[in-house]
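Undergrad: Here it is, the structure, as C-alpha cells.
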Amino acid sequence: MDPKKPLRAPQPNPYLVLAAAILLPGMGHVLLGQAQRGLGFAFFTLVGAWLTTKFASPDVDVIGRHAAGVFVWALSIPDAYRIARLRAVTSYGSTSRPTTSAS
C-alpha cells in the first residue's frame with residue numbers, strides 16, 4: 001500500500017446508477033453517496049407531480065397530469081449518470097488511464 005496515494009471507496013457502476021435513477025427518482029444520487037441531492041430530486045418530483053395534478057384539466061392524460069414531476073425525474077436521470085461516469089473516469093476504474101502525447 002502506497003502511503004502517498006489516498007484511499008478511495010469503490011465507485012458504483014455507472015450503468016447501475018443509471019438503472020436506479022430510472023426506477024426511482026433520486027435513487028441514483030443516493031447510490032453515489034449524495035443522499036441530500038437525491039432526496040431533493042425525489043421531493044421535488046413528488047411536489048411537482050402533485051402541483052401539476054391540482055392545476056391540470058381533467059381531460060389530460062397521465063403524463064400530462066404529472067408533467068412537472070416527470071420533468072424533474074427526467075432531469076435527475078442524466079445528472080446521476082453524469083456524476084457516476086465522471087467518478088468512474090477520474091478513478092480510472094472503467095476506462096484506461098489517459099496518456100499525454102509528447103510532441
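Labels for the C-alpha cells follow display order: chains A, B, ..., residues from 1 in each chain, ligands from 1.
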DSSP on the backbone, then: every residue of chain A marked helix (DSSP H, G or I), written as an NGL selection string.

TA: :A and (14-23 or 27-31 or 35-55 or 62-65 or 67-90)

Undergrad: I'd like the neighbourhood of stretch 45-50 of chain A as a ChimeraX atom specification, where a residue qualifies if any of its atoms comes within 10 Å (using only C-alpha atoms), though same-chain residues fewer than 5 positions away should be ignored.

TA: /A:25-26,39-40,55,63-76

Undergrad: What would the file look like if the residues just selected were written as an mmCIF file, in the first residue's frame with C-alpha atoms?

TA:
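Wrote it out as selection_32.cif, contents follow:
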```cif
data_model
loop_
_atom_site.group_PDB
_atom_site.id
_atom_site.type_symbol
_atom_site.label_atom_id
_atom_site.label_comp_id
_atom_site.auth_asym_id
_atom_site.auth_seq_id
_atom_site.Cartn_x
_atom_site.Cartn_y
_atom_site.Cartn_z
ATOM 1 C CA PRO A 25 -36.197 9.449 -8.755
ATOM 2 C CA GLY A 26 -33.131 10.375 -6.731
ATOM 3 C CA LEU A 39 -33.806 13.219 -1.696
ATOM 4 C CA GLY A 40 -34.148 16.726 -3.090
ATOM 5 C CA PHE A 55 -53.812 22.511 -11.856
ATOM 6 C CA ILE A 63 -48.157 12.054 -18.165
ATOM 7 C CA GLY A 64 -49.716 15.490 -18.630
ATOM 8 C CA ARG A 65 -51.273 15.394 -15.180
ATOM 9 C CA HIS A 66 -47.869 14.737 -13.625
ATOM 10 C CA ALA A 67 -45.731 16.676 -16.112
ATOM 11 C CA ALA A 68 -43.718 18.729 -13.622
ATOM 12 C CA GLY A 69 -42.792 15.629 -11.628
ATOM 13 C CA VAL A 70 -41.864 13.717 -14.770
ATOM 14 C CA PHE A 71 -39.734 16.681 -15.865
ATOM 15 C CA VAL A 72 -37.766 16.770 -12.595
ATOM 16 C CA TRP A 73 -37.375 12.987 -12.720
ATOM 17 C CA ALA A 74 -36.115 13.243 -16.301
ATOM 18 C CA LEU A 75 -33.553 15.830 -15.190
ATOM 19 C CA SER A 76 -32.304 13.623 -12.361
#
```

Undergrad: So which residues touch stretch 77-79 of chain A within 9 Å, counting only C-alpha atoms, skipping near sequence neighbours fewer than 6 positions away, as an MDAnalysis selection string?

TA: chainID A and resid 17:22 25:26 28:29

Undergrad: Using only C-alpha atoms, which of the listed residues (A:Phe43, A:Val60, A:Arg85, A:Gln36) sits closest to A:Gln11?

TA: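 Under the stated criterion, the closest residue is A:Arg85.
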
Undergrad: Got a sec: who's within 12 Å of A:Ala9, counting only C-alpha atoms, leaving out chain neighbours fewer than 6 positions off, as a PyMOL selection string?

TA: chain A and resi 32-33+87-88+91+93
